[in-house]
file data27.cif (mmCIF, C-alpha atoms)
data_protein
#
loop_
_atom_site.label_atom_id
_atom_site.label_comp_id
_atom_site.auth_asym_id
_atom_site.auth_seq_id
_atom_site.Cartn_x
_atom_site.Cartn_y
_atom_site.Cartn_z
CA THR D 1 -57.71 7.43 43.34
CA GLN D 2 -55.11 9.89 42.15
CA LEU D 3 -55.73 13.54 41.32
CA GLY D 4 -53.46 15.58 39.10
CA LEU D 5 -53.33 18.63 36.87
CA VAL D 6 -52.69 18.24 33.13
CA CYS D 7 -50.91 21.38 31.98
CA LEU D 8 -48.05 22.80 29.95
CA CYS D 9 -44.73 22.60 31.74
CA SER D 10 -41.75 24.80 30.93
CA LEU D 11 -38.84 22.81 29.60
CA HIS D 12 -35.63 23.04 31.61
CA ASP D 13 -32.32 21.28 31.10
CA TRP D 14 -31.57 18.81 33.90
CA ASP D 15 -28.65 20.92 35.14
CA GLU D 16 -31.03 23.80 35.91
CA GLN D 17 -32.52 21.53 38.62
CA GLU D 18 -36.05 22.82 38.05
CA ILE D 19 -37.09 19.26 37.18
CA LEU D 20 -35.15 16.34 38.60
CA PRO D 21 -34.87 12.89 37.04
CA HIS D 22 -34.62 9.68 39.03
CA GLU D 23 -33.35 7.41 36.28
CA ARG D 24 -31.07 7.44 33.27
CA THR D 25 -32.40 7.25 29.73
CA HIS D 26 -31.32 5.21 26.74
CA PRO D 27 -30.53 6.56 23.25
CA GLY D 28 -32.91 4.25 21.34
CA PRO D 29 -36.18 5.17 23.10
CA ARG D 30 -35.17 8.86 23.27
CA GLU D 31 -34.45 8.95 19.52
CA GLY D 32 -37.75 7.18 18.78
CA ARG D 33 -39.69 9.81 20.69
CA LEU D 34 -37.72 12.57 18.95
CA ARG D 35 -38.65 11.07 15.56
CA HIS D 36 -42.32 11.19 16.62
CA LEU D 37 -41.99 14.86 17.58
CA ARG D 38 -40.37 15.71 14.27
CA ALA D 39 -42.99 13.86 12.23
CA LEU D 40 -46.11 14.81 14.18
CA ARG D 41 -45.10 18.26 15.47
CA ALA D 42 -46.90 17.33 18.67
CA THR D 43 -46.71 14.98 21.60
CA PHE D 44 -49.61 12.71 22.45
CA SER D 45 -48.57 11.45 25.86
CA LEU D 46 -47.57 13.25 28.98
CA GLY D 47 -44.92 12.98 31.61
CA ILE D 48 -45.74 12.70 35.28
CA LEU D 49 -44.25 15.36 37.55
CA VAL D 50 -44.48 15.16 41.34
CA ALA D 51 -44.73 18.45 43.25
CA ARG D 52 -43.71 18.60 46.91
CA ASP D 53 -46.89 20.43 48.01
CA PRO D 54 -46.07 20.39 51.76
CA ASP D 55 -49.15 22.47 52.68
CA ARG D 56 -51.45 20.38 50.46
CA GLU D 57 -52.48 23.49 48.48
CA LEU D 58 -52.43 21.70 45.12
CA ARG D 59 -54.07 18.59 46.53
CA SER D 60 -56.86 20.62 48.22
CA PHE D 61 -57.55 22.53 45.02
CA LEU D 62 -57.78 19.33 42.99
CA GLU D 63 -60.13 17.78 45.57
CA ALA D 64 -62.41 20.83 45.28
CA VAL D 65 -62.36 20.60 41.46
CA ALA D 66 -63.25 16.88 41.63
CA GLU D 67 -66.41 17.73 43.58
CA GLY D 68 -67.77 19.59 40.55
CA PRO D 69 -69.28 18.24 37.33
CA GLU D 70 -66.83 16.28 35.21
CA LEU D 71 -66.16 17.10 31.58
CA ALA D 72 -65.74 13.46 30.53
CA GLY D 73 -64.99 10.05 31.94
CA VAL D 74 -64.22 6.51 30.91
CA GLN D 75 -64.37 3.34 32.98
CA ARG D 76 -62.26 0.49 31.55
CA ASN D 77 -63.23 -2.00 34.25
CA TRP D 78 -64.31 -1.98 37.90
CA PHE D 79 -60.95 -0.62 39.13
CA ASP D 80 -59.52 1.34 36.20
CA GLY D 81 -61.19 4.57 35.14
CA HIS D 82 -60.35 8.15 34.28
CA ARG D 83 -62.36 11.33 34.76
CA ILE D 84 -61.45 14.83 33.66
CA TRP D 85 -62.61 18.27 34.66
CA ARG D 86 -61.89 21.53 32.88
CA VAL D 87 -60.03 24.05 35.00
CA ASP D 88 -60.05 27.70 34.03
CA PRO D 89 -56.43 28.81 34.53
CA GLU D 90 -57.69 32.00 36.18
CA SER D 91 -59.48 29.94 38.85
CA VAL D 92 -56.36 28.22 40.16
CA PRO D 93 -55.52 29.75 43.55
CA PRO D 94 -52.05 31.31 43.65
CA ALA D 95 -50.97 28.95 46.44
CA ALA D 96 -51.96 25.87 44.41
CA LEU D 97 -50.25 27.29 41.33
CA ALA D 98 -47.13 27.98 43.39
CA ALA D 99 -47.16 24.41 44.74
CA ALA D 100 -47.51 22.98 41.22
CA GLY D 101 -44.64 25.09 39.94
CA GLN D 102 -42.30 25.19 42.90
CA ALA D 103 -38.92 23.81 41.91
CA PRO D 104 -37.79 21.25 41.93
CA LEU D 105 -40.45 19.03 40.45
CA TYR D 106 -39.62 15.34 40.31
CA MET D 107 -40.00 13.36 37.09
CA GLY D 108 -42.09 10.33 38.00
CA ASP D 109 -42.44 9.03 34.45
CA GLY D 110 -41.63 10.32 30.98
CA HIS D 111 -37.85 10.79 31.11
CA HIS D 112 -37.36 9.76 27.46
CA ARG D 113 -40.23 11.96 26.25
CA TYR D 114 -38.91 14.91 28.26
CA GLU D 115 -35.38 14.56 26.89
CA ALA D 116 -36.80 14.24 23.36
CA ALA D 117 -38.75 17.47 23.95
CA LEU D 118 -35.54 19.19 25.06
CA ALA D 119 -33.72 18.00 21.93
CA TYR D 120 -36.62 19.05 19.70
CA ARG D 121 -36.71 22.47 21.36
CA ASP D 122 -33.00 22.89 20.66
CA GLU D 123 -33.48 21.90 17.01
CA VAL D 124 -36.24 24.41 16.30
CA VAL D 125 -34.82 27.46 18.11
CA GLY D 126 -34.69 30.28 15.58
CA VAL D 127 -36.76 28.36 13.01
CA LEU D 128 -40.11 29.51 14.32
CA ASP D 129 -42.62 31.86 12.79
CA GLU D 130 -44.48 33.37 15.75
CA SER D 131 -47.25 34.71 13.50
CA VAL D 132 -48.57 31.22 12.67
CA ASP D 133 -51.60 30.21 14.72
CA THR D 134 -52.28 26.68 13.49
CA ALA D 135 -50.26 23.94 11.92
CA PRO D 136 -51.22 23.07 8.34
CA SER D 137 -52.56 19.58 7.81
CA THR D 138 -49.94 17.46 6.06
CA PRO D 139 -50.51 13.88 4.90
CA PRO D 140 -47.91 11.53 6.50
CA ALA D 141 -46.27 10.76 3.14
CA GLN D 142 -45.55 14.48 2.67
CA VAL D 143 -43.99 15.25 6.07
CA PRO D 144 -40.70 16.97 5.34
CA ALA D 145 -37.49 15.48 6.71
CA GLY D 146 -35.66 17.36 9.43
CA PRO D 147 -36.93 19.42 12.32
CA ALA D 148 -40.47 20.73 12.06
CA PRO D 149 -41.27 24.12 13.55
CA GLU D 150 -43.35 24.17 16.69
CA ILE D 151 -46.34 26.51 16.65
CA LYS D 152 -46.34 29.50 19.03
CA LYS D 153 -43.23 28.29 20.78
CA GLU D 154 -42.01 30.27 23.77
CA PRO D 155 -38.26 30.82 24.14
CA GLY D 156 -37.76 27.91 26.56
CA GLY D 157 -40.40 25.60 25.15
CA PHE D 158 -43.15 23.60 26.81
CA SER D 159 -44.26 20.01 27.13
CA MET D 160 -47.54 18.53 28.30
CA ALA D 161 -47.32 17.16 31.84
CA TYR D 162 -49.45 15.64 34.57
CA VAL D 163 -48.55 17.28 37.89
CA VAL D 164 -49.52 15.38 41.01
CA SER D 165 -49.05 16.34 44.65
CA ALA D 166 -46.56 14.32 46.66
CA GLN D 167 -49.24 14.58 49.37
CA ASP D 168 -51.74 12.62 47.26
CA PRO D 169 -52.68 9.50 49.24
CA GLY D 170 -53.39 7.72 45.95
CA LEU D 171 -49.99 8.50 44.47
CA LEU D 172 -48.94 5.54 42.39
CA VAL D 173 -46.75 6.49 39.46
CA LEU D 174 -47.46 4.34 36.42
CA GLY D 175 -46.48 5.05 32.83
CA ALA D 176 -49.30 7.22 31.48
CA HIS D 177 -48.73 5.79 28.01
CA ARG D 178 -49.28 2.29 29.37
CA VAL D 179 -52.67 3.02 30.97
#
call {"tool": "encode", "arguments": {"input": "data27.cif", "output": "structure tokens"}}
result
Amino acid sequence: TQLGLVCLCSLHDWDEQEILPHERTHPGPREGRLRHLRALRATFSLGILVARDPDRELRSFLEAVAEGPELAGVQRNWFDGHRIWRVDPESVPPAALAAAGQAPLYMGDGHHRYEAALAYRDEVVGVLDESVDTAPSTPPAQVPAGPAPEIKKEPGGFSMAYVVSAQDPGLLVLGAHRV
């Protein structure tokens, strides 16, 4: 069993050393993921980030959350299932939040998606209309070519991530998009 927090993660260039990679990426997969971002204006899979969490603050918080009622769950077979709980951001203890955000975080999976998000962020800087709340629905055949503006983008940008404690005894990093 592995517990983690699905959240928005600030995007940082690798040289900032806020998030550290452990492998190199390849142009083909990175460009494919960038094409998806441009066309869909969203990402539908998340990267896995590992937080050091030496005092087990994040892990303890997640264990407490998992004792409560789940929002949804799916069991694919006897050994492979997923359960989710909703976490009110205001309920996350400061120590757990600090553990989840303490640099550096280590990229366990999602290097290509993360680099595509960085490239997409760089393409849309200055193109954004901060007053827009929702993206208009556009049939796939009508998606304009070129970079699509991200909705309510912060200056540095964000990407969806799954943050897991390095102290998680069930830590097994598998590609989230493969599960």
call {"tool": "closest_atom_pairs", "arguments": {"input": "data27.cif", "of": "region 33-66 of chain D", "to": "region 79-95 of chain D", "cutoff": "12 Å", "atoms": "all atoms listed in the file", "output": "tab-separated table"}}
result
residue	atom	partner	partner_atom	distance
D:Asp53	CA	D:Ala95	CA	9.6
D:Pro54	CA	D:Ala95	CA	11.2
D:Asp55	CA	D:Ala95	CA	9.2
D:Arg56	CA	D:Ala95	CA	9.5
D:Glu57	CA	D:Ala95	CA	6.0
D:Leu58	CA	D:Ala95	CA	7.5
D:Arg59	CA	D:Ala95	CA	10.8
D:Ser60	CA	D:Pro93	CA	10.3
D:Phe61	CA	D:Val92	CA	7.6
D:Leu62	CA	D:Val92	CA	9.4
D:Glu63	CA	D:Trp85	CA	11.2
D:Ala64	CA	D:Val92	CA	10.8
D:Val65	CA	D:Trp85	CA	7.2
D:Ala66	CA	D:Trp85	CA	7.1
call {"tool": "atom_distance", "arguments": {"input": "data27.cif", "atom1": "CA of Phe44 (chain D)", "atom2": "CA of Ala119 (chain D)"}}
result
16.8 Å
call {"tool": "closest_residue", "arguments": {"input": "data27.cif", "among": "D:Gly157, D:Pro169, D:Pro69, D:Gly4", "to": "Val50 (chain D)", "atoms": "all atoms listed in the file"}}
result
D:Gly4
call {"tool": "axis_aligned_box", "arguments": {"input": "data27.cif", "around": "region 60-72 of chain D", "padding_each_side": "3 Å", "output": "JSON"}}
result
{"center_x": -63.1, "center_y": 18.0, "center_z": 39.4, "size_x": 18.4, "size_y": 15.1, "size_z": 23.7}
call {"tool": "resolve_selection", "arguments": {"input": "data27.cif", "expression": "the PyMOL selection byres ((chain D and resi 23) around 9)", "output": "list in words"}}
result
Pro21, His22, Arg24, Thr25, Met107 and His111 of chain D
call {"tool": "write_last_selection", "arguments": {"input": "data27.cif", "atoms": "C-alpha atoms", "output": "compact mmCIF listing (two decimals), in the coordinates of the input"}}
result
# COMPACT_ATOMS: atom_id res chain seq x y z
CA PRO D 21 -34.87 12.89 37.04
CA HIS D 22 -34.62 9.68 39.03
CA ARG D 24 -31.07 7.44 33.27
CA THR D 25 -32.40 7.25 29.73
CA MET D 107 -40.00 13.36 37.09
CA HIS D 111 -37.85 10.79 31.11
call {"tool": "closest_residue", "arguments": {"input": "data27.cif", "among": "D:Ala161, D:Ala42, D:Ala51, D:Leu3", "to": "Tyr114 (chain D)", "atoms": "all atoms listed in the file"}}
result
D:Ala161
call {"tool": "closest_residue", "arguments": {"input": "data27.cif", "among": "D:Ala99, D:Leu118, D:Ala72, D:Val6", "to": "Arg33 (chain D)", "atoms": "only C-alpha atoms"}}
result
D:Leu118
call {"tool": "closest_residue", "arguments": {"input": "data27.cif", "among": "D:Asp168, D:Glu115, D:Glu67, D:Asp109", "to": "Leu37 (chain D)", "atoms": "only C-alpha atoms"}}
result
D:Glu115
call {"tool": "atom_distance", "arguments": {"input": "data27.cif", "atom1": "CA of Val164 (chain D)", "atom2": "CA of Leu49 (chain D)"}}
result
6.3 Å
call {"tool": "atom_distance", "arguments": {"input": "data27.cif", "atom1": "CA of Asp13 (chain D)", "atom2": "CA of Leu46 (chain D)"}}
result
17.4 Å
call {"tool": "residues_around", "arguments": {"input": "data27.cif", "residues": "Glu16 (chain D)", "least_positions_apart": "5", "cutoff": "12 Å", "atoms": "all atoms listed in the file", "output": "list in words"}}
result
Ser10, Leu11, Pro21, Ala103, Pro104 and Leu105 of chain D
call {"tool": "write_last_selection", "arguments": {"input": "data27.cif", "atoms": "C-alpha atoms", "output": "compact mmCIF listing (two decimals), in the coordinates of the input"}}
result
# COMPACT_ATOMS: atom_id res chain seq x y z
CA SER D 10 -41.75 24.80 30.93
CA LEU D 11 -38.84 22.81 29.60
CA PRO D 21 -34.87 12.89 37.04
CA ALA D 103 -38.92 23.81 41.91
CA PRO D 104 -37.79 21.25 41.93
CA LEU D 105 -40.45 19.03 40.45
call {"tool": "residues_around", "arguments": {"input": "data27.cif", "residues": "Gly101 (chain D)", "least_positions_apart": "5", "cutoff": "9 Å", "atoms": "only C-alpha atoms", "output": "MDAnalysis selection string"}}
result
chainID D and resid 9 51 96 163
call {"tool": "closest_residue", "arguments": {"input": "data27.cif", "among": "D:Arg113, D:Gln102, D:Ser165, D:Leu171", "to": "His36 (chain D)", "atoms": "all atoms listed in the file"}}
result
D:Arg113
call {"tool": "closest_residue", "arguments": {"input": "data27.cif", "among": "D:His26, D:Arg35, D:Arg41, D:Arg52", "to": "Tyr106 (chain D)", "atoms": "all atoms listed in the file"}}
result
D:Arg52
call {"tool": "decode", "arguments": {"input": "data27.cif", "residues": "region 28-43 of chain D", "atoms": "all heavy atoms", "output": "PDB file, in the first residue's frame"}}
result
ATOM      1  N   GLY D  28      11.507  12.719 -28.689  1.00  0.00           N
ATOM      2  CA  GLY D  28      10.250  12.207 -29.236  1.00  0.00           C
ATOM      3  C   GLY D  28       9.119  12.156 -28.213  1.00  0.00           C
ATOM      4  O   GLY D  28       8.059  12.767 -28.417  1.00  0.00           O
ATOM      5  N   PRO D  29       9.312  11.449 -27.092  1.00  0.00           N
ATOM      6  CA  PRO D  29       8.249  11.402 -26.077  1.00  0.00           C
ATOM      7  C   PRO D  29       7.919  12.781 -25.498  1.00  0.00           C
ATOM      8  O   PRO D  29       6.765  13.103 -25.241  1.00  0.00           O
ATOM      9  CB  PRO D  29       8.813  10.479 -25.004  1.00  0.00           C
ATOM     10  CG  PRO D  29       9.828   9.644 -25.702  1.00  0.00           C
ATOM     11  CD  PRO D  29      10.398  10.524 -26.770  1.00  0.00           C
ATOM     12  N   ARG D  30       8.946  13.611 -25.299  1.00  0.00           N
ATOM     13  CA  ARG D  30       8.714  14.964 -24.753  1.00  0.00           C
ATOM     14  C   ARG D  30       7.865  15.780 -25.721  1.00  0.00           C
ATOM     15  O   ARG D  30       6.906  16.446 -25.318  1.00  0.00           O
ATOM     16  CB  ARG D  30      10.065  15.628 -24.484  1.00  0.00           C
ATOM     17  CG  ARG D  30       9.954  16.940 -23.762  1.00  0.00           C
ATOM     18  CD  ARG D  30      11.323  17.507 -23.392  1.00  0.00           C
ATOM     19  NE  ARG D  30      12.240  17.561 -24.502  1.00  0.00           N
ATOM     20  CZ  ARG D  30      13.405  16.885 -24.565  1.00  0.00           C
ATOM     21  NH1 ARG D  30      13.776  16.112 -23.582  1.00  0.00           N
ATOM     22  NH2 ARG D  30      14.176  17.005 -25.622  1.00  0.00           N
ATOM     23  N   GLU D  31       8.177  15.714 -27.013  1.00  0.00           N
ATOM     24  CA  GLU D  31       7.405  16.462 -28.010  1.00  0.00           C
ATOM     25  C   GLU D  31       5.981  15.931 -28.102  1.00  0.00           C
ATOM     26  O   GLU D  31       5.026  16.699 -28.261  1.00  0.00           O
ATOM     27  CB  GLU D  31       8.090  16.403 -29.380  1.00  0.00           C
ATOM     28  CG  GLU D  31       7.396  17.199 -30.457  1.00  0.00           C
ATOM     29  CD  GLU D  31       7.263  18.684 -30.161  1.00  0.00           C
ATOM     30  OE1 GLU D  31       8.167  19.268 -29.529  1.00  0.00           O
ATOM     31  OE2 GLU D  31       6.239  19.279 -30.564  1.00  0.00           O
ATOM     32  N   GLY D  32       5.801  14.626 -27.990  1.00  0.00           N
ATOM     33  CA  GLY D  32       4.454  14.047 -28.005  1.00  0.00           C
ATOM     34  C   GLY D  32       3.605  14.567 -26.858  1.00  0.00           C
ATOM     35  O   GLY D  32       2.435  14.920 -27.039  1.00  0.00           O
ATOM     36  N   ARG D  33       4.180  14.642 -25.684  1.00  0.00           N
ATOM     37  CA  ARG D  33       3.438  15.157 -24.530  1.00  0.00           C
ATOM     38  C   ARG D  33       3.164  16.654 -24.673  1.00  0.00           C
ATOM     39  O   ARG D  33       2.116  17.138 -24.263  1.00  0.00           O
ATOM     40  CB  ARG D  33       4.188  14.836 -23.246  1.00  0.00           C
ATOM     41  CG  ARG D  33       3.991  13.367 -22.870  1.00  0.00           C
ATOM     42  CD  ARG D  33       5.155  12.820 -22.099  1.00  0.00           C
ATOM     43  NE  ARG D  33       4.973  11.422 -21.754  1.00  0.00           N
ATOM     44  CZ  ARG D  33       5.296  10.408 -22.534  1.00  0.00           C
ATOM     45  NH1 ARG D  33       5.773  10.617 -23.744  1.00  0.00           N
ATOM     46  NH2 ARG D  33       5.139   9.161 -22.132  1.00  0.00           N
ATOM     47  N   LEU D  34       4.087  17.375 -25.287  1.00  0.00           N
ATOM     48  CA  LEU D  34       3.870  18.807 -25.536  1.00  0.00           C
ATOM     49  C   LEU D  34       2.735  19.002 -26.535  1.00  0.00           C
ATOM     50  O   LEU D  34       1.904  19.896 -26.364  1.00  0.00           O
ATOM     51  CB  LEU D  34       5.160  19.458 -26.031  1.00  0.00           C
ATOM     52  CG  LEU D  34       5.113  20.966 -26.273  1.00  0.00           C
ATOM     53  CD1 LEU D  34       4.635  21.724 -25.043  1.00  0.00           C
ATOM     54  CD2 LEU D  34       6.485  21.458 -26.707  1.00  0.00           C
ATOM     55  N   ARG D  35       2.655  18.161 -27.556  1.00  0.00           N
ATOM     56  CA  ARG D  35       1.537  18.239 -28.513  1.00  0.00           C
ATOM     57  C   ARG D  35       0.210  18.007 -27.797  1.00  0.00           C
ATOM     58  O   ARG D  35      -0.783  18.674 -28.083  1.00  0.00           O
ATOM     59  CB  ARG D  35       1.720  17.227 -29.644  1.00  0.00           C
ATOM     60  CG  ARG D  35       2.677  17.676 -30.719  1.00  0.00           C
ATOM     61  CD  ARG D  35       2.590  16.819 -31.984  1.00  0.00           C
ATOM     62  NE  ARG D  35       2.696  15.401 -31.725  1.00  0.00           N
ATOM     63  CZ  ARG D  35       3.841  14.715 -31.685  1.00  0.00           C
ATOM     64  NH1 ARG D  35       4.978  15.336 -31.889  1.00  0.00           N
ATOM     65  NH2 ARG D  35       3.844  13.419 -31.454  1.00  0.00           N
ATOM     66  N   HIS D  36       0.176  17.060 -26.868  1.00  0.00           N
ATOM     67  CA  HIS D  36      -1.053  16.823 -26.089  1.00  0.00           C
ATOM     68  C   HIS D  36      -1.442  18.058 -25.294  1.00  0.00           C
ATOM     69  O   HIS D  36      -2.608  18.444 -25.256  1.00  0.00           O
ATOM     70  CB  HIS D  36      -0.874  15.642 -25.144  1.00  0.00           C
ATOM     71  CG  HIS D  36      -0.848  14.322 -25.816  1.00  0.00           C
ATOM     72  ND1 HIS D  36      -0.205  13.237 -25.281  1.00  0.00           N
ATOM     73  CD2 HIS D  36      -1.357  13.895 -26.993  1.00  0.00           C
ATOM     74  CE1 HIS D  36      -0.331  12.208 -26.088  1.00  0.00           C
ATOM     75  NE2 HIS D  36      -1.028  12.587 -27.135  1.00  0.00           N
ATOM     76  N   LEU D  37      -0.469  18.688 -24.633  1.00  0.00           N
ATOM     77  CA  LEU D  37      -0.761  19.897 -23.861  1.00  0.00           C
ATOM     78  C   LEU D  37      -1.313  21.006 -24.751  1.00  0.00           C
ATOM     79  O   LEU D  37      -2.261  21.694 -24.374  1.00  0.00           O
ATOM     80  CB  LEU D  37       0.500  20.398 -23.148  1.00  0.00           C
ATOM     81  CG  LEU D  37       0.864  19.705 -21.854  1.00  0.00           C
ATOM     82  CD1 LEU D  37       2.243  20.157 -21.382  1.00  0.00           C
ATOM     83  CD2 LEU D  37      -0.168  19.982 -20.796  1.00  0.00           C
ATOM     84  N   ARG D  38      -0.711  21.186 -25.908  1.00  0.00           N
ATOM     85  CA  ARG D  38      -1.183  22.228 -26.814  1.00  0.00           C
ATOM     86  C   ARG D  38      -2.612  21.951 -27.282  1.00  0.00           C
ATOM     87  O   ARG D  38      -3.435  22.857 -27.357  1.00  0.00           O
ATOM     88  CB  ARG D  38      -0.274  22.312 -28.036  1.00  0.00           C
ATOM     89  CG  ARG D  38       1.079  22.901 -27.766  1.00  0.00           C
ATOM     90  CD  ARG D  38       1.930  22.800 -29.007  1.00  0.00           C
ATOM     91  NE  ARG D  38       3.264  23.314 -28.804  1.00  0.00           N
ATOM     92  CZ  ARG D  38       4.332  22.806 -29.400  1.00  0.00           C
ATOM     93  NH1 ARG D  38       4.228  21.783 -30.234  1.00  0.00           N
ATOM     94  NH2 ARG D  38       5.510  23.328 -29.165  1.00  0.00           N
ATOM     95  N   ALA D  39      -2.901  20.717 -27.607  1.00  0.00           N
ATOM     96  CA  ALA D  39      -4.212  20.371 -28.161  1.00  0.00           C
ATOM     97  C   ALA D  39      -5.296  20.329 -27.086  1.00  0.00           C
ATOM     98  O   ALA D  39      -6.414  20.790 -27.315  1.00  0.00           O
ATOM     99  CB  ALA D  39      -4.145  19.024 -28.873  1.00  0.00           C
ATOM    100  N   LEU D  40      -4.981  19.800 -25.928  1.00  0.00           N
ATOM    101  CA  LEU D  40      -5.992  19.582 -24.890  1.00  0.00           C
ATOM    102  C   LEU D  40      -6.061  20.703 -23.859  1.00  0.00           C
ATOM    103  O   LEU D  40      -7.042  20.805 -23.124  1.00  0.00           O
ATOM    104  CB  LEU D  40      -5.715  18.252 -24.174  1.00  0.00           C
ATOM    105  CG  LEU D  40      -5.706  17.025 -25.078  1.00  0.00           C
ATOM    106  CD1 LEU D  40      -5.252  15.803 -24.293  1.00  0.00           C
ATOM    107  CD2 LEU D  40      -7.074  16.801 -25.694  1.00  0.00           C
ATOM    108  N   ARG D  41      -5.005  21.506 -23.783  1.00  0.00           N
ATOM    109  CA  ARG D  41      -4.921  22.577 -22.785  1.00  0.00           C
ATOM    110  C   ARG D  41      -5.022  22.038 -21.369  1.00  0.00           C
ATOM    111  O   ARG D  41      -5.462  22.715 -20.451  1.00  0.00           O
ATOM    112  CB  ARG D  41      -6.003  23.630 -23.014  1.00  0.00           C
ATOM    113  CG  ARG D  41      -5.944  24.267 -24.375  1.00  0.00           C
ATOM    114  CD  ARG D  41      -7.045  25.264 -24.531  1.00  0.00           C
ATOM    115  NE  ARG D  41      -7.138  25.626 -25.930  1.00  0.00           N
ATOM    116  CZ  ARG D  41      -8.100  26.357 -26.424  1.00  0.00           C
ATOM    117  NH1 ARG D  41      -9.056  26.809 -25.640  1.00  0.00           N
ATOM    118  NH2 ARG D  41      -8.134  26.638 -27.688  1.00  0.00           N
ATOM    119  N   ALA D  42      -4.640  20.802 -21.196  1.00  0.00           N
ATOM    120  CA  ALA D  42      -4.692  20.153 -19.879  1.00  0.00           C
ATOM    121  C   ALA D  42      -3.806  18.921 -19.923  1.00  0.00           C
ATOM    122  O   ALA D  42      -3.478  18.413 -20.986  1.00  0.00           O
ATOM    123  CB  ALA D  42      -6.119  19.750 -19.535  1.00  0.00           C
ATOM    124  N   THR D  43      -3.450  18.447 -18.753  1.00  0.00           N
ATOM    125  CA  THR D  43      -2.728  17.192 -18.645  1.00  0.00           C
ATOM    126  C   THR D  43      -3.617  16.200 -17.906  1.00  0.00           C
ATOM    127  O   THR D  43      -4.363  16.583 -17.000  1.00  0.00           O
ATOM    128  CB  THR D  43      -1.370  17.381 -17.932  1.00  0.00           C
ATOM    129  OG1 THR D  43      -0.687  16.148 -17.930  1.00  0.00           O
ATOM    130  CG2 THR D  43      -1.527  17.888 -16.526  1.00  0.00           C
TER     131      THR D  43
END
